[in-house]
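Source file: upload-v3.cif; contents: mmCIF, C-alpha atoms.
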```cif
data_work
#
loop_
_atom_site.label_atom_id
_atom_site.label_comp_id
_atom_site.auth_asym_id
_atom_site.auth_seq_id
_atom_site.Cartn_x
_atom_site.Cartn_y
_atom_site.Cartn_z
CA MET V 176 89.55 83.78 79.41
CA ASN V 177 86.16 85.11 80.51
CA ALA V 178 86.35 83.73 84.01
CA SER V 179 82.98 83.68 85.69
CA ALA V 180 82.66 85.00 89.22
CA THR V 181 83.12 81.48 90.60
CA THR V 182 86.57 81.08 89.04
CA CYS V 183 87.71 84.73 88.80
CA PRO V 184 90.94 85.33 90.73
CA LEU V 185 89.79 88.82 91.75
CA CYS V 186 86.55 87.38 93.17
CA LEU V 187 88.40 84.61 95.01
CA GLU V 188 91.53 86.44 96.19
CA THR V 189 92.50 89.92 97.40
CA GLY V 190 94.76 90.54 94.40
CA GLY V 191 97.54 92.26 96.35
CA LEU V 192 98.23 93.66 99.80
CA LEU V 193 94.94 95.09 101.04
CA VAL V 194 95.19 98.79 101.91
CA VAL V 195 91.60 100.08 101.96
CA GLN V 196 88.26 98.37 101.43
CA THR V 197 84.71 99.68 100.97
CA PRO V 198 81.56 97.81 99.91
CA GLN V 199 82.08 98.96 96.30
CA TRP V 200 85.85 98.61 95.81
CA ARG V 201 89.16 97.85 97.45
CA VAL V 202 92.64 99.28 96.98
CA VAL V 203 95.55 96.87 97.06
CA ARG V 204 99.26 97.43 96.68
CA VAL V 205 101.20 95.42 94.15
CA GLU V 206 104.63 94.31 95.30
CA ASP V 207 107.04 95.08 92.48
CA ALA V 208 110.52 96.40 93.21
CA GLY V 209 110.61 98.20 89.84
CA PHE V 210 107.59 100.29 90.74
CA PRO V 211 107.58 101.22 94.41
CA ALA V 212 104.11 102.82 94.37
CA PHE V 213 101.92 100.52 92.28
CA TYR V 214 98.31 100.31 93.47
CA ARG V 215 95.18 98.68 92.10
CA LEU V 216 91.59 99.71 92.66
CA ILE V 217 89.50 96.57 92.24
CA TRP V 218 85.74 96.91 91.78
CA ALA V 219 83.87 94.51 94.11
CA GLY V 220 81.27 93.34 91.59
CA HIS V 221 82.33 90.93 88.85
CA VAL V 222 82.03 93.14 85.76
CA ALA V 223 84.51 93.20 82.89
CA GLU V 224 84.31 96.72 81.52
CA PHE V 225 84.09 100.22 82.97
CA SER V 226 80.96 100.83 80.86
CA ASP V 227 79.27 97.87 82.59
CA LEU V 228 78.89 100.19 85.59
CA ASP V 229 75.95 102.58 85.80
CA ALA V 230 76.56 106.34 85.94
CA ALA V 231 76.66 106.52 89.77
CA GLN V 232 79.02 103.54 89.96
CA ARG V 233 81.31 105.00 87.29
CA LEU V 234 81.49 108.24 89.24
CA ALA V 235 82.23 106.42 92.52
CA CYS V 236 84.88 104.30 90.79
CA ILE V 237 86.71 107.09 89.00
CA GLU V 238 86.56 109.42 92.00
CA ALA V 239 88.16 106.66 94.10
CA VAL V 240 90.85 106.25 91.42
CA THR V 241 91.34 110.03 91.51
CA THR V 242 91.79 109.93 95.29
CA VAL V 243 94.52 107.30 94.96
CA GLU V 244 96.15 109.40 92.24
CA ARG V 245 96.02 112.53 94.44
CA VAL V 246 97.52 110.76 97.45
CA LEU V 247 100.35 109.40 95.29
CA ARG V 248 101.03 112.86 93.84
CA GLU V 249 100.96 114.63 97.19
CA ALA V 250 103.02 112.01 99.03
CA LEU V 251 105.62 111.22 96.38
CA GLN V 252 105.71 113.97 93.73
CA PRO V 253 106.16 111.36 91.00
CA THR V 254 107.31 112.23 87.49
CA LYS V 255 103.93 111.00 86.17
CA ILE V 256 100.86 109.04 87.18
CA ASN V 257 99.83 106.11 84.98
CA LEU V 258 96.19 104.94 85.04
CA ALA V 259 95.03 101.84 83.19
CA SER V 260 92.10 99.45 83.08
CA LEU V 261 93.15 96.52 80.88
CA GLY V 262 91.97 93.14 82.20
CA ASN V 263 92.89 91.06 79.16
CA VAL V 264 93.94 88.15 81.37
CA VAL V 265 91.58 88.75 84.31
CA PRO V 266 88.46 90.46 82.92
CA HIS V 267 87.24 91.79 86.28
CA LEU V 268 87.24 95.59 86.42
CA HIS V 269 90.40 96.88 88.09
CA TRP V 270 92.36 100.10 87.68
CA HIS V 271 96.13 100.22 87.87
CA VAL V 272 97.25 103.46 89.55
CA ILE V 273 101.01 103.71 89.33
CA ALA V 274 103.34 106.49 90.41
CA ARG V 275 106.13 106.63 87.85
CA PHE V 276 109.58 108.06 88.48
CA ASP V 277 112.24 108.95 85.95
CA TRP V 278 114.54 106.48 87.72
CA ASP V 279 112.12 103.51 87.77
CA SER V 280 112.97 100.38 85.83
CA HIS V 281 110.92 101.23 82.72
CA PHE V 282 110.47 105.00 82.56
CA PRO V 283 109.44 106.53 80.15
CA ASN V 284 108.09 103.24 78.79
CA PRO V 285 104.83 101.84 80.11
CA ILE V 286 105.47 99.32 82.88
CA TRP V 287 104.44 96.58 80.43
CA GLY V 288 107.07 97.69 77.87
CA GLU V 289 110.80 97.27 77.64
CA ALA V 290 112.90 97.78 80.77
CA MET V 291 115.27 100.73 80.56
CA ARG V 292 117.40 100.04 83.64
CA GLU V 293 117.64 97.77 86.67
CA ALA V 294 115.01 98.01 89.37
CA PRO V 295 116.20 99.83 92.49
CA ASP V 296 116.79 97.86 95.65
CA ALA V 297 113.40 97.23 97.30
CA ALA V 298 114.66 98.37 100.73
CA SER V 299 115.61 101.77 99.29
CA THR V 300 112.08 102.47 98.05
CA GLN V 301 109.80 100.95 100.66
CA HIS V 302 109.45 104.20 102.63
CA ARG V 303 107.37 105.37 99.68
CA HIS V 304 104.69 102.74 99.87
CA LEU V 305 104.61 102.80 103.65
CA LYS V 306 103.84 106.52 103.50
CA VAL V 307 101.17 106.09 100.81
CA ASP V 308 99.49 103.11 102.52
CA GLY V 309 99.13 105.19 105.68
CA LEU V 310 97.77 108.22 103.84
CA LEU V 311 95.23 106.13 101.89
CA ARG V 312 93.97 104.55 105.09
CA ARG V 313 93.73 107.93 106.83
CA GLN V 314 91.95 109.46 103.80
CA ARG V 315 89.41 106.66 103.94
CA ARG V 316 88.88 107.04 107.70
CA ASP V 317 88.39 110.80 107.34
CA HIS V 318 85.99 110.27 104.44
CA ALA V 319 84.01 107.65 106.40
CA SER V 320 83.77 110.06 109.38
CA VAL V 321 82.47 112.85 107.16
CA SER V 322 79.93 110.46 105.58
CA ASN V 323 78.74 109.29 108.98
CA MET V 324 78.30 112.90 110.05
CA GLY V 325 76.42 113.78 106.86
CA MET Q 280 110.03 115.90 79.22
CA ASN Q 281 107.52 118.31 80.77
CA ALA Q 282 106.72 120.07 77.55
CA SER Q 283 104.97 123.37 78.14
CA ALA Q 284 101.89 124.20 76.10
CA THR Q 285 104.03 126.07 73.59
CA THR Q 286 106.09 122.98 72.71
CA CYS Q 287 103.61 120.19 73.55
CA PRO Q 288 102.89 117.98 70.51
CA LEU Q 289 99.25 117.53 71.58
CA CYS Q 290 98.81 121.31 71.78
CA LEU Q 291 100.48 121.85 68.41
CA GLU Q 292 99.15 118.87 66.45
CA THR Q 293 95.97 116.80 66.20
CA GLY Q 294 97.71 113.65 67.45
CA GLY Q 295 95.96 111.25 65.06
CA LEU Q 296 93.13 111.23 62.54
CA LEU Q 297 90.48 113.59 63.90
CA VAL Q 298 87.12 111.86 64.38
CA VAL Q 299 85.14 114.10 66.76
CA GLN Q 300 85.94 117.42 68.40
CA THR Q 301 84.25 119.44 71.15
CA PRO Q 302 85.53 122.52 73.01
CA GLN Q 303 86.73 120.26 75.89
CA TRP Q 304 88.23 117.28 74.08
CA ARG Q 305 88.78 115.58 70.75
CA VAL Q 306 88.78 111.93 69.70
CA VAL Q 307 91.41 110.82 67.20
CA ARG Q 308 92.09 107.46 65.65
CA VAL Q 309 95.59 106.03 65.84
CA GLU Q 310 96.71 104.24 62.69
CA ASP Q 311 98.26 100.97 63.79
CA ALA Q 312 97.69 97.79 61.81
CA GLY Q 313 98.12 95.65 64.93
CA PHE Q 314 95.19 97.36 66.64
CA PRO Q 315 92.44 98.18 64.16
CA ALA Q 316 90.31 100.14 66.64
CA PHE Q 317 92.71 102.29 68.62
CA TYR Q 318 91.32 105.69 69.64
CA ARG Q 319 92.57 108.51 71.82
CA LEU Q 320 90.53 111.05 73.71
CA ILE Q 321 92.73 114.12 74.08
CA TRP Q 322 91.77 116.80 76.60
CA ALA Q 323 91.92 120.25 75.02
CA GLY Q 324 93.57 122.02 77.96
CA HIS Q 325 97.25 121.42 78.61
CA VAL Q 326 97.12 119.51 81.90
CA ALA Q 327 99.27 116.51 82.75
CA GLU Q 328 97.15 114.45 85.13
CA PHE Q 329 93.51 113.40 85.36
CA SER Q 330 93.37 114.87 88.88
CA ASP Q 331 94.37 118.27 87.47
CA LEU Q 332 90.78 118.47 86.19
CA ASP Q 333 88.02 119.71 88.49
CA ALA Q 334 85.09 117.41 89.34
CA ALA Q 335 82.88 118.57 86.45
CA GLN Q 336 85.76 118.25 83.97
CA ARG Q 337 86.64 114.76 85.25
CA LEU Q 338 83.03 113.71 84.80
CA ALA Q 339 82.88 115.15 81.27
CA CYS Q 340 86.18 113.49 80.40
CA ILE Q 341 85.41 110.02 81.73
CA GLU Q 342 81.88 110.04 80.34
CA ALA Q 343 83.33 110.86 76.91
CA VAL Q 344 85.81 107.99 77.33
CA THR Q 345 82.87 105.76 78.30
CA THR Q 346 80.99 106.76 75.15
CA VAL Q 347 83.96 105.78 72.99
CA GLU Q 348 84.20 102.49 74.90
CA ARG Q 349 80.47 101.82 74.38
CA VAL Q 350 80.62 102.54 70.66
CA LEU Q 351 83.60 100.20 70.29
CA ARG Q 352 81.81 97.45 72.22
CA GLU Q 353 78.56 97.79 70.32
CA ALA Q 354 80.15 98.08 66.89
CA LEU Q 355 82.90 95.48 67.21
CA GLN Q 356 82.18 93.12 70.13
CA PRO Q 357 85.87 93.12 71.05
CA THR Q 358 87.38 90.55 73.40
CA LYS Q 359 88.24 93.38 75.82
CA ILE Q 360 88.46 97.15 76.04
CA ASN Q 361 91.72 98.66 77.28
CA LEU Q 362 91.71 102.15 78.81
CA ALA Q 363 94.89 103.96 79.77
CA SER Q 364 96.11 107.43 80.63
CA LEU Q 365 99.91 107.28 80.71
CA GLY Q 366 101.59 110.34 79.17
CA ASN Q 367 105.15 109.58 80.26
CA VAL Q 368 106.52 110.95 76.99
CA VAL Q 369 103.83 113.55 76.26
CA PRO Q 370 102.43 114.72 79.62
CA HIS Q 371 99.24 116.22 78.18
CA LEU Q 372 96.12 114.38 79.40
CA HIS Q 373 94.98 111.80 76.85
CA TRP Q 374 93.14 108.51 77.21
CA HIS Q 375 93.90 105.51 75.04
CA VAL Q 376 90.68 103.62 74.28
CA ILE Q 377 91.57 100.41 72.49
CA ALA Q 378 89.34 97.55 71.36
CA ARG Q 379 91.34 94.37 71.82
CA PHE Q 380 90.75 91.12 69.96
CA ASP Q 381 92.10 87.69 70.74
CA TRP Q 382 93.70 87.70 67.29
CA ASP Q 383 95.41 91.11 67.53
CA SER Q 384 99.18 91.32 67.45
CA HIS Q 385 99.69 91.46 71.24
CA PHE Q 386 96.65 89.88 72.92
CA PRO Q 387 96.49 89.12 75.83
CA ASN Q 388 99.52 91.34 76.46
CA PRO Q 389 99.08 95.09 76.77
CA ILE Q 390 99.74 96.79 73.43
CA TRP Q 391 103.00 98.10 74.91
CA GLY Q 392 104.17 94.58 75.79
CA GLU Q 393 105.60 91.73 73.79
CA ALA Q 394 104.01 90.91 70.43
CA MET Q 395 102.39 87.48 70.32
CA ARG Q 396 101.78 87.21 66.57
CA GLU Q 397 102.01 89.17 63.34
CA ALA Q 398 99.66 92.09 62.82
CA PRO Q 399 96.80 91.34 60.41
CA ASP Q 400 96.80 92.96 57.00
CA ALA Q 401 95.54 96.54 57.39
CA ALA Q 402 93.08 96.17 54.49
CA SER Q 403 91.39 93.23 56.24
CA THR Q 404 90.62 95.24 59.36
CA GLN Q 405 89.81 98.73 58.10
CA HIS Q 406 86.06 98.07 57.91
CA ARG Q 407 86.20 98.13 61.70
CA HIS Q 408 87.50 101.62 62.13
CA LEU Q 409 85.38 102.97 59.30
CA LYS Q 410 82.30 101.72 61.13
CA VAL Q 411 83.43 103.11 64.49
CA ASP Q 412 84.45 106.51 63.07
CA GLY Q 413 80.96 106.88 61.60
CA LEU Q 414 79.21 105.83 64.80
CA LEU Q 415 81.30 108.20 66.94
CA ARG Q 416 80.47 111.11 64.63
CA ARG Q 417 76.77 110.23 64.65
CA GLN Q 418 76.77 109.83 68.45
CA ARG Q 419 78.29 113.28 68.77
CA ARG Q 420 75.78 114.82 66.36
CA ASP Q 421 72.86 113.24 68.24
CA HIS Q 422 74.29 114.38 71.56
CA ALA Q 423 74.82 117.92 70.26
CA SER Q 424 71.19 118.01 69.02
CA VAL Q 425 69.90 116.93 72.41
CA SER Q 426 72.09 119.53 74.17
CA ASN Q 427 70.85 122.27 71.86
CA MET Q 428 67.27 121.29 72.61
CA GLY Q 429 67.93 121.20 76.39
#
```

Encoded form (structure tokens):
Amino acid sequence: MNASATTCPLCLETGGLLVVQTPQWRVVRVEDAGFPAFYRLIWAGHVAEFSDLDAAQRLACIEAVTTVERVLREALQPTKINLASLGNVVPHLHWHVIARFDWDSHFPNPIWGEAMREAPDAASTQHRHLKVDGLLRRQRRDHASVSNMG
Amino acid sequence: MNASATTCPLCLETGGLLVVQTPQWRVVRVEDAGFPAFYRLIWAGHVAEFSDLDAAQRLACIEAVTTVERVLREALQPTKINLASLGNVVPHLHWHVIARFDWDSHFPNPIWGEAMREAPDAASTQHRHLKVDGLLRRQRRDHASVSNMG
């Protein structure tokens, strides 16, 4: 269960469709028709728990999670945002950032709970993630420009 | 679903067994035999999302969550810590902080997923939360003393 860095899937693979990457973390999109705006922020270093990070790393990590949350809220006006760092199967720090809608397959249950209805057709929801992917990339570019100027 | 502060259960009730309280947040223990160290950090103000907090509030909130995580790790050496802010049913910011064990009722599934085995007898696990409750209270007292001195 406690995969070392040499066998850890999140050290060896991207873990989803890469949207934004920095030296400290990357944001990937998870392809799941039930949840059309399901993102993961994966910490680059192979640590299991949030409290394995030092204070500056925790701040960088949670502020990046907050940025993803903000972009999802502004772009999609979801019913709720769900944040979770679980890692029971892959103990490499990663945050699920999921825009939930009252029509999604599981709402109001957690996405890991019982389904409440059928997932919508993927084609009918993909405009959502296309919009968010673009905004996350632009956010990152703007942030990088500001940092370079600073 | 979007309960206002006047009808919100987490504004009207404690939301679990009160362990520690500050002006900004409280930590309660959730009584669930399947998960003998299941805590919630409930933000005092009635906001729905983590990104509704300002930067200083987010830092205070996540550092308090980190303290609960650290106490759980040090006291119980769990297999994994699970953190989650969902709030689909009660959209008042609260963080689940759950010590997971490879013998608990759902491991490695999320606690909201399918059960894998029967929950252990509550009496056999209560020494865990008694220890953690005490450590969280002591941590808070020590922190308050330091703040008063500062």

Please evaluate the PyMOL selection byres ((chain V) within 6 of (chain Q)) against the structure above and give the resulting residues as a VMD selection string.
-> chain V and resid 226 241 257 to 261 263 283 287 to 288

Least-squares fit of chain Q onto chain V (C-alpha, ordered pairing) as a short mmCIF file (atom, residue, chain, number, x, y, z; two decimals) with C-alpha atoms, in the frame of the given file:
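Result saved to result_11.cif:
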```cif
data_model
loop_
_atom_site.label_atom_id
_atom_site.label_comp_id
_atom_site.auth_asym_id
_atom_site.auth_seq_id
_atom_site.Cartn_x
_atom_site.Cartn_y
_atom_site.Cartn_z
CA MET Q 280 89.65 83.71 79.48
CA ASN Q 281 86.24 85.07 80.52
CA ALA Q 282 86.40 83.71 84.02
CA SER Q 283 83.01 83.68 85.68
CA ALA Q 284 82.68 85.02 89.21
CA THR Q 285 83.11 81.51 90.60
CA THR Q 286 86.58 81.09 89.06
CA CYS Q 287 87.71 84.73 88.81
CA PRO Q 288 90.96 85.34 90.74
CA LEU Q 289 89.81 88.83 91.77
CA CYS Q 290 86.57 87.39 93.18
CA LEU Q 291 88.42 84.61 95.01
CA GLU Q 292 91.53 86.46 96.19
CA THR Q 293 92.51 89.93 97.41
CA GLY Q 294 94.77 90.53 94.40
CA GLY Q 295 97.55 92.28 96.34
CA LEU Q 296 98.24 93.66 99.80
CA LEU Q 297 94.94 95.08 101.05
CA VAL Q 298 95.20 98.78 101.92
CA VAL Q 299 91.61 100.08 101.98
CA GLN Q 300 88.27 98.38 101.45
CA THR Q 301 84.72 99.69 100.99
CA PRO Q 302 81.57 97.80 99.95
CA GLN Q 303 82.10 98.97 96.32
CA TRP Q 304 85.84 98.61 95.83
CA ARG Q 305 89.16 97.85 97.47
CA VAL Q 306 92.65 99.28 96.99
CA VAL Q 307 95.57 96.86 97.06
CA ARG Q 308 99.27 97.44 96.70
CA VAL Q 309 101.19 95.42 94.13
CA GLU Q 310 104.63 94.31 95.29
CA ASP Q 311 107.03 95.07 92.47
CA ALA Q 312 110.50 96.40 93.17
CA GLY Q 313 110.61 98.21 89.82
CA PHE Q 314 107.56 100.29 90.73
CA PRO Q 315 107.57 101.22 94.40
CA ALA Q 316 104.11 102.81 94.37
CA PHE Q 317 101.92 100.53 92.30
CA TYR Q 318 98.30 100.32 93.47
CA ARG Q 319 95.17 98.69 92.11
CA LEU Q 320 91.60 99.72 92.68
CA ILE Q 321 89.50 96.58 92.26
CA TRP Q 322 85.74 96.90 91.81
CA ALA Q 323 83.90 94.53 94.13
CA GLY Q 324 81.29 93.37 91.60
CA HIS Q 325 82.35 90.96 88.88
CA VAL Q 326 82.03 93.15 85.79
CA ALA Q 327 84.50 93.22 82.92
CA GLU Q 328 84.30 96.75 81.55
CA PHE Q 329 84.09 100.25 83.01
CA SER Q 330 80.95 100.87 80.92
CA ASP Q 331 79.27 97.90 82.63
CA LEU Q 332 78.90 100.22 85.64
CA ASP Q 333 75.95 102.61 85.84
CA ALA Q 334 76.58 106.37 86.00
CA ALA Q 335 76.68 106.55 89.81
CA GLN Q 336 79.02 103.55 90.01
CA ARG Q 337 81.33 105.02 87.33
CA LEU Q 338 81.50 108.25 89.29
CA ALA Q 339 82.24 106.43 92.56
CA CYS Q 340 84.88 104.32 90.83
CA ILE Q 341 86.72 107.11 89.03
CA GLU Q 342 86.57 109.42 92.03
CA ALA Q 343 88.17 106.67 94.13
CA VAL Q 344 90.85 106.25 91.45
CA THR Q 345 91.35 110.04 91.55
CA THR Q 346 91.81 109.94 95.32
CA VAL Q 347 94.53 107.30 94.99
CA GLU Q 348 96.16 109.40 92.26
CA ARG Q 349 96.04 112.52 94.47
CA VAL Q 350 97.54 110.75 97.47
CA LEU Q 351 100.36 109.40 95.30
CA ARG Q 352 101.04 112.86 93.86
CA GLU Q 353 100.99 114.62 97.20
CA ALA Q 354 103.04 112.01 99.04
CA LEU Q 355 105.64 111.21 96.38
CA GLN Q 356 105.73 113.97 93.73
CA PRO Q 357 106.16 111.35 91.01
CA THR Q 358 107.31 112.24 87.50
CA LYS Q 359 103.94 111.00 86.17
CA ILE Q 360 100.87 109.04 87.20
CA ASN Q 361 99.81 106.13 85.00
CA LEU Q 362 96.19 104.95 85.05
CA ALA Q 363 95.03 101.86 83.21
CA SER Q 364 92.10 99.48 83.10
CA LEU Q 365 93.14 96.55 80.90
CA GLY Q 366 91.97 93.16 82.21
CA ASN Q 367 92.88 91.08 79.17
CA VAL Q 368 93.93 88.17 81.38
CA VAL Q 369 91.58 88.78 84.32
CA PRO Q 370 88.45 90.49 82.94
CA HIS Q 371 87.23 91.79 86.30
CA LEU Q 372 87.24 95.61 86.45
CA HIS Q 373 90.40 96.90 88.11
CA TRP Q 374 92.36 100.12 87.70
CA HIS Q 375 96.14 100.23 87.89
CA VAL Q 376 97.24 103.47 89.57
CA ILE Q 377 101.01 103.72 89.33
CA ALA Q 378 103.34 106.51 90.41
CA ARG Q 379 106.13 106.64 87.86
CA PHE Q 380 109.59 108.07 88.46
CA ASP Q 381 112.24 108.96 85.94
CA TRP Q 382 114.53 106.47 87.68
CA ASP Q 383 112.11 103.51 87.75
CA SER Q 384 112.94 100.38 85.82
CA HIS Q 385 110.88 101.22 82.70
CA PHE Q 386 110.45 105.01 82.55
CA PRO Q 387 109.42 106.53 80.16
CA ASN Q 388 108.07 103.24 78.79
CA PRO Q 389 104.80 101.85 80.10
CA ILE Q 390 105.45 99.32 82.87
CA TRP Q 391 104.42 96.59 80.41
CA GLY Q 392 107.04 97.70 77.88
CA GLU Q 393 110.77 97.27 77.62
CA ALA Q 394 112.86 97.77 80.76
CA MET Q 395 115.24 100.72 80.54
CA ARG Q 396 117.36 100.03 83.63
CA GLU Q 397 117.63 97.75 86.64
CA ALA Q 398 114.99 98.00 89.34
CA PRO Q 399 116.19 99.81 92.48
CA ASP Q 400 116.76 97.82 95.64
CA ALA Q 401 113.38 97.19 97.28
CA ALA Q 402 114.64 98.32 100.70
CA SER Q 403 115.59 101.73 99.28
CA THR Q 404 112.09 102.44 98.03
CA GLN Q 405 109.79 100.92 100.64
CA HIS Q 406 109.47 104.17 102.62
CA ARG Q 407 107.38 105.35 99.68
CA HIS Q 408 104.69 102.75 99.86
CA LEU Q 409 104.63 102.78 103.64
CA LYS Q 410 103.84 106.49 103.50
CA VAL Q 411 101.18 106.08 100.81
CA ASP Q 412 99.51 103.09 102.52
CA GLY Q 413 99.13 105.18 105.68
CA LEU Q 414 97.77 108.21 103.84
CA LEU Q 415 95.24 106.12 101.89
CA ARG Q 416 93.98 104.54 105.12
CA ARG Q 417 93.73 107.93 106.83
CA GLN Q 418 91.97 109.45 103.80
CA ARG Q 419 89.43 106.65 103.92
CA ARG Q 420 88.88 107.05 107.67
CA ASP Q 421 88.37 110.81 107.29
CA HIS Q 422 86.01 110.27 104.38
CA ALA Q 423 84.03 107.64 106.31
CA SER Q 424 83.72 110.06 109.28
CA VAL Q 425 82.40 112.80 107.03
CA SER Q 426 79.91 110.39 105.40
CA ASN Q 427 78.68 109.22 108.79
CA MET Q 428 78.14 112.82 109.84
CA GLY Q 429 76.31 113.66 106.58
#
```

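Taking atom CA of Ile217 of chain V and atom CA of His267 of chain V as the two end points, the separation is 8.0 Å.
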
In Å and to one decimal, atom CA of Gln300 of chain Q is distant from atom CA of Glu353 of chain Q by 21.1 Å

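Using all atoms listed in the file, the smallest distance between any of Q:Gly295, Q:Pro288, Q:Pro399, Q:Gly413 and Arg319 of chain Q comes from Q:Gly295.
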
With 4 Å of padding per side, what axis-aligned box (centre and edge lengths, Å, one decimal) covers all the listed atoms of segment 260-273 of chain V? Give it as lines of an AutoDock Vina configuration file.
```
center_x = 94.1
center_y = 95.9
center_z = 84.4
size_x = 21.8
size_y = 23.6
size_z = 18.4
```

Q.
Please expand the PyMOL selection byres ((chain V and resi 200-212) around 8) into the concrete residues it hits in this file, giving the result as a ChimeraX atom specification.
A. /V:189-199,213-219,236,247,273-275,279-281,293-297,300-301,303-304,307

Option closest in space to Leu372 of chain Q, from Q:Ala402, Q:Ala423, Q:Ala284, Q:Leu355 [counting only C-alpha atoms]
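Between Q:Ala402, Q:Ala423, Q:Ala284, Q:Leu355, the residue approaching Leu372 of chain Q most closely is Q:Ala284.
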
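Going from atom CA of Gln356 of chain Q over to atom CA of Gln232 of chain V, you cover 22.6 Å.
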
I need the residue nearest His221 of chain V from this list: V:Arg292, V:Lys306, V:Arg315, V:His269. Use only C-alpha atoms for the distance.
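Going through V:Arg292, V:Lys306, V:Arg315, V:His269 one by one, the smallest distance to His221 of chain V is for V:His269.
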